[in-house]
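The data block below is input-v1.tsv; it holds TSV, C-alpha atoms.
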```tsv
chain	number	residue	atom	x	y	z
A	1	MET	CA	-41.16	151.38	157.86
A	2	SER	CA	-39.48	148.12	156.91
A	3	ARG	CA	-39.68	146.02	153.76
A	4	PHE	CA	-40.69	143.16	156.04
A	5	ASP	CA	-43.45	144.69	158.14
A	6	GLU	CA	-45.97	142.29	156.60
A	7	PHE	CA	-44.13	139.39	158.25
A	8	VAL	CA	-43.82	140.91	161.73
A	9	TYR	CA	-46.73	140.70	164.19
A	10	PRO	CA	-46.58	142.53	167.54
A	11	ILE	CA	-48.92	140.42	169.67
A	12	PRO	CA	-51.95	142.29	171.02
A	13	LYS	CA	-53.36	141.65	174.47
A	14	ARG	CA	-56.48	139.45	174.44
A	15	TYR	CA	-58.52	139.52	177.62
A	16	SER	CA	-60.42	136.50	178.88
A	17	GLU	CA	-64.08	136.69	179.84
A	18	ARG	CA	-63.31	134.08	182.50
A	19	GLY	CA	-60.55	135.87	184.37
A	20	ASP	CA	-61.06	133.69	187.43
A	21	VAL	CA	-60.22	130.57	185.38
A	22	TYR	CA	-57.67	131.82	182.82
A	23	ALA	CA	-54.77	134.21	183.27
A	24	SER	CA	-55.37	137.41	181.36
A	25	PRO	CA	-54.32	138.87	178.99
A	26	LYS	CA	-53.42	136.01	176.65
A	27	ALA	CA	-51.06	135.91	173.68
A	28	TYR	CA	-52.57	134.46	170.49
A	29	PHE	CA	-51.63	134.39	166.81
A	30	LEU	CA	-54.75	133.89	164.68
A	31	GLY	CA	-53.51	132.94	161.25
A	32	ASN	CA	-54.91	135.09	158.46
A	33	GLU	CA	-56.48	137.42	161.00
A	34	SER	CA	-53.00	138.26	162.29
A	35	LEU	CA	-50.81	138.09	159.19
A	36	LYS	CA	-51.97	137.54	155.62
A	37	ASN	CA	-51.18	134.10	154.16
A	38	SER	CA	-50.24	132.65	157.55
A	39	ARG	CA	-50.75	128.90	158.00
A	40	LEU	CA	-50.71	128.81	161.79
A	41	ARG	CA	-53.20	129.47	164.57
A	42	MET	CA	-51.61	129.19	167.97
A	43	GLY	CA	-51.65	130.79	171.38
A	44	PHE	CA	-51.01	130.41	175.08
A	45	SER	CA	-53.62	130.09	177.81
A	46	VAL	CA	-52.83	129.55	181.47
A	47	VAL	CA	-55.46	127.62	183.44
A	48	LEU	CA	-55.64	128.69	187.09
A	49	LYS	CA	-58.30	126.37	188.51
A	50	PRO	CA	-60.31	123.24	187.59
A	51	THR	CA	-62.56	123.74	184.58
A	52	LEU	CA	-64.10	122.00	181.58
A	53	ALA	CA	-63.00	123.32	178.19
A	54	GLY	CA	-64.27	122.61	174.70
A	55	TYR	CA	-66.47	119.86	173.27
A	56	PRO	CA	-66.01	116.76	171.06
A	57	HIS	CA	-65.03	117.67	167.51
A	58	PHE	CA	-62.60	116.82	164.72
A	59	HIS	CA	-60.75	118.64	161.95
A	60	HIS	CA	-61.42	117.39	158.43
A	61	SER	CA	-57.99	117.76	156.83
A	62	ILE	CA	-55.67	119.62	159.22
A	63	GLU	CA	-53.40	118.28	161.93
A	64	GLU	CA	-53.43	119.90	165.38
A	65	TYR	CA	-51.24	119.63	168.46
A	66	TYR	CA	-52.04	120.33	172.11
A	67	LEU	CA	-49.13	121.43	174.32
A	68	PHE	CA	-49.25	121.26	178.13
A	69	SER	CA	-46.57	122.50	180.53
A	70	GLY	CA	-45.95	124.49	183.66
A	71	SER	CA	-46.77	128.16	183.24
A	72	ASP	CA	-43.33	129.49	184.22
A	73	LEU	CA	-41.10	128.34	181.38
A	74	VAL	CA	-37.95	129.04	183.38
A	75	ASP	CA	-39.10	126.04	185.44
A	76	PHE	CA	-40.80	124.19	182.58
A	77	PHE	CA	-41.30	120.89	184.41
A	78	ASP	CA	-42.84	122.40	187.54
A	79	PHE	CA	-46.19	120.79	186.78
A	80	ASP	CA	-48.84	119.63	189.23
A	81	ALA	CA	-52.18	118.89	187.58
A	82	GLU	CA	-54.44	116.11	186.32
A	83	ILE	CA	-56.03	116.73	182.96
A	84	ASP	CA	-58.45	114.38	181.20
A	85	ILE	CA	-59.01	114.46	177.46
A	86	TRP	CA	-61.32	112.28	175.35
A	87	PHE	CA	-59.87	110.93	172.12
A	88	GLY	CA	-60.78	108.46	169.38
A	89	GLU	CA	-61.86	107.66	165.84
A	90	ASP	CA	-65.47	106.92	166.83
A	91	PRO	CA	-67.37	109.64	168.72
A	92	ASP	CA	-69.31	106.95	170.59
A	93	GLU	CA	-66.17	105.04	171.58
A	94	MET	CA	-63.75	107.80	172.61
A	95	GLU	CA	-61.21	106.86	175.26
A	96	LYS	CA	-60.16	108.98	178.21
A	97	TYR	CA	-56.49	109.89	178.58
A	98	THR	CA	-55.08	111.54	181.68
A	99	ILE	CA	-52.13	113.95	181.49
A	100	THR	CA	-50.02	114.39	184.63
A	101	LYS	CA	-46.73	115.62	183.13
A	102	PRO	CA	-45.74	118.23	180.53
A	103	GLY	CA	-46.46	116.77	177.13
A	104	ILE	CA	-47.85	116.98	173.62
A	105	VAL	CA	-50.96	115.47	172.03
A	106	ARG	CA	-50.89	114.93	168.27
A	107	ILE	CA	-54.37	115.10	166.71
A	108	PRO	CA	-54.48	113.76	163.13
A	109	PRO	CA	-57.23	114.80	160.69
A	110	GLY	CA	-60.50	113.01	161.37
A	111	MET	CA	-59.66	112.20	165.00
A	112	TRP	CA	-62.38	113.11	167.51
A	113	HIS	CA	-61.05	114.90	170.57
A	114	GLY	CA	-62.43	116.86	173.48
A	115	PRO	CA	-63.45	118.01	175.88
A	116	ILE	CA	-60.46	118.84	178.07
A	117	HIS	CA	-61.25	118.44	181.77
A	118	TYR	CA	-58.78	120.22	184.01
A	119	ARG	CA	-59.74	117.99	186.92
A	120	ASN	CA	-57.06	119.07	189.39
A	121	VAL	CA	-54.96	122.21	189.00
A	122	ARG	CA	-52.62	122.57	191.95
A	123	LYS	CA	-50.26	124.81	189.97
A	124	PRO	CA	-51.13	126.93	186.92
A	125	VAL	CA	-51.09	124.95	183.65
A	126	ALA	CA	-50.02	126.37	180.29
A	127	PHE	CA	-52.07	125.13	177.34
A	128	SER	CA	-51.22	125.85	173.72
A	129	PRO	CA	-53.22	124.60	170.70
A	130	VAL	CA	-51.15	124.50	167.51
A	131	TYR	CA	-53.27	124.33	164.35
A	132	PHE	CA	-51.57	124.36	160.96
A	133	ASP	CA	-53.88	126.50	158.87
A	134	GLY	CA	-54.82	130.15	158.62
A	135	GLU	CA	-58.48	129.46	159.43
A	136	ILE	CA	-59.72	126.96	161.98
A	137	SER	CA	-62.52	124.53	161.12
A	138	LYS	CA	-64.21	122.35	163.73
A	139	ILE	CA	-66.81	119.70	162.99
A	140	THR	CA	-69.00	118.35	165.77
A	141	ARG	CA	-72.12	116.13	165.88
A	142	ARG	CA	-75.76	116.87	166.67
A	143	ILE	CA	-78.33	114.10	167.16
A	144	LYS	CA	-81.79	115.49	166.51
A	145	ALA	CA	-85.01	114.50	168.29
A	146	ASP	CA	-86.06	112.28	165.39
A	147	GLY	CA	-82.78	110.34	165.57
A	148	THR	CA	-81.19	111.87	162.47
A	149	VAL	CA	-77.65	113.17	162.68
A	150	GLU	CA	-76.05	116.41	161.49
A	151	TYR	CA	-72.44	117.58	161.59
A	152	PRO	CA	-72.28	121.34	162.27
A	153	SER	CA	-69.15	122.98	160.91
A	154	ILE	CA	-67.64	125.99	162.66
A	155	VAL	CA	-65.21	127.87	160.42
A	156	THR	CA	-63.63	131.14	161.52
A	157	GLY	CA	-63.43	132.55	158.00
A	158	LEU	CA	-67.17	131.98	157.45
A	159	GLY	CA	-68.38	133.84	160.51
A	160	GLY	CA	-68.23	130.69	162.59
A	161	ASP	CA	-68.00	132.59	165.85
A	162	LEU	CA	-71.59	133.72	165.31
A	163	LEU	CA	-72.71	130.11	165.57
A	164	ARG	CA	-71.41	129.54	169.08
A	165	PRO	CA	-74.81	130.05	170.80
A	166	SER	CA	-76.13	127.06	168.82
A	167	LEU	CA	-73.45	124.77	170.25
A	168	ALA	CA	-75.20	124.21	173.58
A	169	PHE	CA	-75.79	120.58	172.55
A	170	ALA	CA	-72.03	120.06	172.11
A	171	TYR	CA	-71.21	121.47	175.52
A	172	GLU	CA	-73.91	119.25	177.06
A	173	TRP	CA	-72.27	116.29	175.35
A	174	ALA	CA	-68.96	117.31	176.96
A	175	LYS	CA	-70.55	117.56	180.41
A	176	LYS	CA	-72.13	114.13	179.97
A	177	LEU	CA	-68.77	112.53	179.18
A	178	VAL	CA	-67.31	113.91	182.40
A	179	ALA	CA	-70.39	113.07	184.51
A	180	THR	CA	-70.51	109.45	183.35
A	181	GLY	CA	-66.92	108.93	184.43
A	182	GLN	CA	-66.11	107.18	181.18
A	183	THR	CA	-62.72	105.58	181.78
A	184	LYS	CA	-62.17	103.28	178.81
A	185	HIS	CA	-58.49	103.25	177.91
A	186	THR	CA	-57.17	100.42	175.77
A	187	GLY	CA	-53.91	102.14	174.86
A	188	LYS	CA	-54.87	102.17	171.19
A	189	TYR	CA	-54.05	105.86	170.91
A	190	ASP	CA	-51.00	105.99	173.17
A	191	LYS	CA	-48.77	106.82	170.20
A	192	TYR	CA	-50.45	110.23	169.93
A	193	PHE	CA	-49.49	111.23	173.48
A	194	TYR	CA	-45.92	112.24	174.23
A	195	GLU	CA	-44.27	113.36	177.46
A	196	TYR	CA	-41.44	115.87	177.13
A	197	PRO	CA	-38.10	114.37	178.17
A	198	VAL	CA	-36.25	116.32	180.84
A	199	GLU	CA	-33.58	117.69	178.50
A	200	HIS	CA	-30.48	119.36	179.93
A	201	HIS	CA	-28.03	121.49	177.99
A	202	GLN	CA	-24.43	122.60	178.55
A	203	TYR	CA	-24.76	126.34	177.84
A	204	GLY	CA	-24.43	127.40	181.45
A	205	ASP	CA	-26.73	130.19	182.55
A	206	THR	CA	-27.51	131.49	179.05
A	207	TYR	CA	-30.70	129.42	178.81
A	208	ALA	CA	-33.07	127.96	181.40
A	209	ASN	CA	-32.27	124.37	182.29
A	210	PRO	CA	-33.83	121.84	181.80
A	211	ARG	CA	-35.77	122.79	178.69
A	212	GLY	CA	-38.84	121.50	176.87
A	213	LYS	CA	-38.33	120.51	173.24
A	214	PHE	CA	-40.31	118.44	170.74
A	215	ARG	CA	-38.11	117.02	167.99
A	216	GLY	CA	-40.70	115.81	165.51
A	217	ILE	CA	-40.29	112.45	163.83
A	218	THR	CA	-37.22	111.58	165.91
A	219	GLN	CA	-39.53	111.37	168.93
A	220	MET	CA	-42.97	110.72	167.43
A	221	PRO	CA	-43.13	108.96	164.04
A	222	GLU	CA	-45.45	110.64	161.50
A	223	ALA	CA	-45.43	113.95	163.40
A	224	ARG	CA	-45.77	117.06	161.24
A	225	PHE	CA	-44.49	119.52	163.84
A	226	TYR	CA	-41.06	120.40	165.21
A	227	GLY	CA	-40.47	123.02	167.88
A	228	GLY	CA	-39.79	123.84	171.49
A	229	PHE	CA	-38.81	126.46	174.00
A	230	SER	CA	-35.45	128.05	174.55
A	231	VAL	CA	-35.78	130.40	177.50
A	232	VAL	CA	-33.10	133.06	177.11
A	233	LEU	CA	-31.74	134.39	180.41
A	234	LYS	CA	-28.86	136.60	179.21
A	235	ASP	CA	-27.50	138.30	176.10
A	236	THR	CA	-26.48	135.83	173.40
A	237	ASN	CA	-26.43	135.14	169.65
A	238	MET	CA	-28.14	132.26	167.91
A	239	GLU	CA	-28.04	130.61	164.47
A	240	VAL	CA	-26.63	131.57	161.06
A	241	PRO	CA	-28.46	132.81	157.93
A	242	HIS	CA	-30.52	130.07	156.27
A	243	ILE	CA	-33.76	129.36	154.42
A	244	HIS	CA	-36.43	126.65	154.46
A	245	TYR	CA	-37.43	125.27	151.06
A	246	SER	CA	-41.12	124.50	151.32
A	247	ASN	CA	-42.41	125.48	154.77
A	248	ASP	CA	-43.24	128.62	156.64
A	249	GLU	CA	-41.59	128.96	160.02
A	250	TYR	CA	-43.03	131.01	162.87
A	251	LEU	CA	-40.74	132.55	165.47
A	252	TRP	CA	-42.31	133.46	168.82
A	253	PHE	CA	-40.71	135.91	171.25
A	254	ILE	CA	-42.73	136.27	174.47
A	255	GLY	CA	-42.31	136.68	178.21
A	256	ALA	CA	-41.26	133.40	179.82
A	257	ASP	CA	-43.86	133.61	182.58
A	258	LEU	CA	-46.96	132.68	180.58
A	259	GLU	CA	-49.22	133.77	183.40
A	260	ASN	CA	-47.81	137.25	182.75
A	261	VAL	CA	-46.82	136.73	179.13
A	262	PHE	CA	-46.62	140.46	178.34
A	263	ASP	CA	-44.08	141.08	181.10
A	264	PHE	CA	-41.39	141.57	178.51
A	265	ASP	CA	-38.21	143.64	178.79
A	266	ALA	CA	-35.72	142.84	176.05
A	267	GLU	CA	-34.20	144.03	172.79
A	268	ILE	CA	-33.74	141.39	170.10
A	269	GLU	CA	-32.44	141.73	166.56
A	270	ILE	CA	-33.06	139.33	163.69
A	271	ASP	CA	-31.97	139.67	160.07
A	272	LEU	CA	-34.47	139.01	157.25
A	273	GLY	CA	-34.02	139.15	153.49
A	274	TRP	CA	-34.67	137.53	150.11
A	275	SER	CA	-30.93	137.25	149.52
A	276	PRO	CA	-28.14	136.47	152.00
A	277	ASP	CA	-26.36	139.53	150.64
A	278	ASP	CA	-29.31	141.88	151.17
A	279	MET	CA	-30.75	141.45	154.64
A	280	GLU	CA	-32.40	143.94	156.94
A	281	THR	CA	-32.19	143.94	160.73
A	282	ILE	CA	-35.55	143.86	162.52
A	283	THR	CA	-35.62	145.01	166.14
A	284	ILE	CA	-38.07	143.41	168.61
A	285	THR	CA	-38.91	145.13	171.90
A	286	GLU	CA	-42.32	143.60	172.67
A	287	PRO	CA	-43.96	140.16	172.38
A	288	THR	CA	-43.85	139.34	168.69
A	289	VAL	CA	-44.38	136.58	166.13
A	290	ILE	CA	-42.38	136.61	162.90
A	291	ARG	CA	-43.61	134.63	159.92
A	292	VAL	CA	-40.72	133.37	157.78
A	293	PRO	CA	-42.08	132.20	154.40
A	294	PRO	CA	-40.28	129.64	152.23
A	295	ASN	CA	-36.98	130.87	150.76
A	296	MET	CA	-36.72	133.91	153.01
A	297	TRP	CA	-33.23	134.21	154.50
A	298	HIS	CA	-33.28	134.78	158.23
A	299	CYS	CA	-30.92	134.90	161.21
A	300	PRO	CA	-28.74	135.35	163.08
A	301	ILE	CA	-30.82	136.25	166.13
A	302	ASN	CA	-29.09	138.64	168.49
A	303	PHE	CA	-30.60	138.67	171.97
A	304	LYS	CA	-29.02	142.05	172.48
A	305	ARG	CA	-30.51	143.01	175.85
A	306	ILE	CA	-32.28	140.58	178.14
A	307	THR	CA	-33.56	142.13	181.36
A	308	LYS	CA	-36.30	139.52	181.95
A	309	PRO	CA	-36.38	135.92	180.68
A	310	VAL	CA	-37.57	135.64	177.08
A	311	ALA	CA	-39.23	132.52	175.68
A	312	PHE	CA	-38.12	131.87	172.11
A	313	PHE	CA	-40.30	129.27	170.37
A	314	PRO	CA	-39.70	128.41	166.68
A	315	VAL	CA	-42.71	126.58	165.21
A	316	TYR	CA	-41.92	124.49	162.14
A	317	PRO	CA	-44.85	122.69	160.40
A	318	ASP	CA	-42.94	119.56	159.47
A	319	GLY	CA	-41.68	116.64	161.51
A	320	ASP	CA	-38.07	117.13	160.44
A	321	TRP	CA	-36.63	120.61	160.89
A	322	SER	CA	-34.42	121.32	157.91
A	323	LYS	CA	-32.59	124.29	156.49
A	324	VAL	CA	-30.36	125.35	153.60
A	325	LEU	CA	-27.17	127.34	154.15
A	326	CYS	CA	-24.99	129.24	151.71
A	327	ARG	CA	-21.28	128.72	152.32
A	328	LYS	CA	-17.94	128.69	150.53
A	329	ASN	CA	-16.48	125.28	149.75
A	330	GLU	CA	-12.82	124.27	149.89
A	331	ASN	CA	-12.19	126.09	146.59
A	332	GLY	CA	-13.75	129.32	147.79
A	333	GLU	CA	-16.87	128.78	145.65
A	334	LEU	CA	-20.36	129.40	147.00
A	335	GLU	CA	-22.61	126.38	147.39
A	336	TYR	CA	-25.83	125.49	149.16
A	337	LEU	CA	-25.77	122.92	151.95
A	338	PHE	CA	-28.78	121.06	153.29
A	339	GLU	CA	-29.14	120.13	156.95
A	340	ALA	CA	-31.93	118.24	158.72
A	341	ALA	CA	-32.41	117.40	162.36
A	342	SER	CA	-32.85	113.70	161.61
A	343	LEU	CA	-29.46	113.56	159.82
A	344	ARG	CA	-27.35	115.20	162.51
A	345	LYS	CA	-25.86	112.82	165.06
A	346	CYS	CA	-24.31	113.38	168.47
A	347	SER	CA	-20.59	114.13	168.37
A	348	TYR	CA	-19.92	111.61	171.13
A	349	ASN	CA	-22.34	108.85	170.17
A	350	HIS	CA	-23.10	108.54	166.46
A	351	GLU	CA	-26.06	106.29	167.21
A	352	LYS	CA	-27.94	109.16	168.84
A	353	ILE	CA	-29.60	112.23	167.33
A	354	CYS	CA	-27.91	115.54	168.14
A	355	ILE	CA	-30.08	117.61	170.48
A	356	TYR	CA	-27.86	120.74	170.36
A	357	CYS	CA	-27.03	120.35	174.04
A	358	GLY	CA	-23.80	122.34	173.60
A	359	LYS	CA	-21.51	119.82	175.26
A	360	CYS	CA	-19.27	119.64	172.19
A	361	VAL	CA	-18.88	123.41	171.87
A	362	GLY	CA	-15.26	124.26	172.56
A	363	ASP	CA	-14.17	120.60	172.55
A	364	SER	CA	-11.36	120.42	169.98
A	365	ASN	CA	-11.58	116.62	169.86
A	366	VAL	CA	-14.98	116.51	168.17
A	367	THR	CA	-16.99	118.30	165.48
A	368	PRO	CA	-19.23	120.89	167.17
A	369	PHE	CA	-22.97	120.40	166.93
A	370	GLY	CA	-22.78	116.81	165.83
A	371	VAL	CA	-21.74	115.01	162.68
A	372	PHE	CA	-23.55	113.84	159.57
A	373	THR	CA	-22.84	110.13	159.46
A	374	TYR	CA	-22.75	107.65	156.62
A	375	LYS	CA	-22.06	103.95	156.39
A	376	ARG	CA	-18.30	103.65	156.12
A	377	GLU	CA	-16.59	100.54	154.87
A	378	GLY	CA	-16.58	98.03	157.66
A	379	ASP	CA	-19.52	99.57	159.52
A	380	ALA	CA	-22.04	97.16	160.95
A	381	LYS	CA	-24.89	96.50	158.53
```

Translate this structure into structure tokens?
Amino acid sequence: MSRFDEFVYPIPKRYSERGDVYASPKAYFLGNESLKNSRLRMGFSVVLKPTLAGYPHFHHSIEEYYLFSGSDLVDFFDFDAEIDIWFGEDPDEMEKYTITKPGIVRIPPGMWHGPIHYRNVRKPVAFSPVYFDGEISKITRRIKADGTVEYPSIVTGLGGDLLRPSLAFAYEWAKKLVATGQTKHTGKYDKYFYEYPVEHHQYGDTYANPRGKFRGITQMPEARFYGGFSVVLKDTNMEVPHIHYSNDEYLWFIGADLENVFDFDAEIEIDLGWSPDDMETITITEPTVIRVPPNMWHCPINFKRITKPVAFFPVYPDGDWSKVLCRKNENGELEYLFEAASLRKCSYNHEKICIYCGKCVGDSNVTPFGVFTYKREGDAK
């Protein structure tokens, strides 16, 4: 037994009833159902053939993100599909957006979205919904025979799954949207759709290259999410002990082939503790999610044995990933230092955000991992 068992979730296998359409088993983390007090519901589905998923709905007060990529994360950008999604503020005026490259959809509270039409699937597609609450609440619309309107609410914590049979009207609405070929697209909502940049690193064969990362507000203003994949190919160490002030962080360790996400053969160690001087090493040998609550010290992460590629995905529910370190200053005194992704600049070009590409590592002419700039005397205003 560990003092931190309540924060460690070995992911169970969840089997799909539609095994011809979705790879099975799937890996899902279901908020409070998985770990008490969790503020995340997220998982990975791999779509194998064309299908229609979901129905028009919105979330009253919670932001959600949809992630699309190739299913083999070692080759993240190997993507060959056409996916339509309906999106808009008015359920009668939703616009159709077509996804043809790995990307992210940001769904603010109150925004209607759905269904998702996997129109062409020439290679398996990985889909991940990221919902920042421990219970999921969907609100859809029902127009009754007398013309009056109701808004059914489906909430997991209130037995919402029992209401699914009554949602036939919503699925019919979804089918109608596809059948009518609604193609309105004014570009009004383009800012909520983001294609992953093909991002290369300089760490050699330690991590898969290129990689898929989403860097929050530095790439999408107003985003409340920061995270991305590092696919670990060989033994390595990562990060230093730190805390996050006000946000949970969720650390995913899964097999890198999402079509076979439980094909996992690795040994990984991570330190957790409420004090940097009193940390315990947790050992991971199966697909696992770790919830790191505010002010819990965590790291380093030691990828001690990697026999098959491991996908490491930190999920941070804020648009600017930040951390606090404890270090000794020039006088040997302990102090806390704050770092944020938006403040760290590239070592070689101080006008660009550092993306931790690793190029500066080992270069004695620059400060590794970027610099924190300020306006010096004489700088351009």

Give me, as a Markdown table, the closest atom pair and its distance (Å, one decimal) for every residue of stretch 96-183 of chain A within a cut-off of 8 Å of stretch 187-205 of chain A, counting all atoms listed in the file, rows sorted by chain and rising number.
```
| residue | atom | partner | partner_atom | distance |
| --- | --- | --- | --- | --- |
| A:Lys101 | CA | A:Glu195 | CA | 6.6 |
| A:Pro102 | CA | A:Glu195 | CA | 5.9 |
| A:Gly103 | CA | A:Glu195 | CA | 4.1 |
| A:Ile104 | CA | A:Tyr194 | CA | 5.2 |
| A:Val105 | CA | A:Phe193 | CA | 4.7 |
| A:Arg106 | CA | A:Tyr192 | CA | 5.0 |
| A:Ile107 | CA | A:Tyr192 | CA | 7.0 |
```

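Rounded to one decimal, atom CA of A:Tyr207 and atom CA of A:Val232 lie 4.7 Å from each other.
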
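You will find atom CA of A:His57 at 28.6 Å from atom CA of A:Leu251.
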
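Between atom CA of A:Thr100 and atom CA of A:Arg119 lies a distance of 10.6 Å.
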
Each residue of stretch 13-105 of chain A with at least one atom at most 9 Å from stretch 281-302 of chain A should appear once, together with its nearest atom pair and the corresponding distance in Å (one decimal); atoms considered: only C-alpha atoms; ordering: chain, then increasing residue number; output as a Markdown table.
```
| residue | atom | partner | partner_atom | distance |
| --- | --- | --- | --- | --- |
| A:Ala27 | CA | A:Pro287 | CA | 8.4 |
| A:Phe29 | CA | A:Val289 | CA | 7.6 |
| A:Leu35 | CA | A:Arg291 | CA | 8.0 |
| A:Ser38 | CA | A:Arg291 | CA | 7.3 |
```

Q: Select, counting only C-alpha atoms, all protein, DNA and RNA residues no farther than 10 Å from (-22.4, 104.0, 166.3) in file coordinates, and express the selection as number ranges by chain.
A: A: 345-346, 348-352, 373, 375, 379-380

Q | Shell of 7 Å around A:Lys96, all atoms listed in the file, local chain residues under 5 positions omitted, as JSON, numbers by chain | A | {"A": [84, 85, 86, 87, 182, 183, 184, 185]}

Q: Have a look at A:Phe77, A:Phe225, A:Tyr97, A:Phe303 and name the one nearest to A:Gly181; count all atoms listed in the file.
A: A:Tyr97

Report the closest atom pair, with its distance in Å rounded to one decimal, for each residue of stretch 107-185 of chain A that has an atom no farther than 12 Å from stretch 305-319 of chain A; count all atoms listed in the file, sort by chain and then rising residue number, and write it as CSV.
```
residue,atom,partner,partner_atom,distance
A:Ser128,CA,A:Phe313,CA,11.9
A:Val130,CA,A:Val315,CA,9.0
A:Tyr131,CA,A:Pro317,CA,9.4
A:Phe132,CA,A:Pro317,CA,6.9
A:Asp133,CA,A:Pro317,CA,9.9
```

Could you write out the selected residues, including C-alpha atoms, as a compact mmCIF listing (two decimals), in the coordinates of the input?
```
# COMPACT_ATOMS: atom_id res chain seq x y z
CA SER A 128 -51.22 125.85 173.72
CA VAL A 130 -51.15 124.50 167.51
CA TYR A 131 -53.27 124.33 164.35
CA PHE A 132 -51.57 124.36 160.96
CA ASP A 133 -53.88 126.50 158.87
```
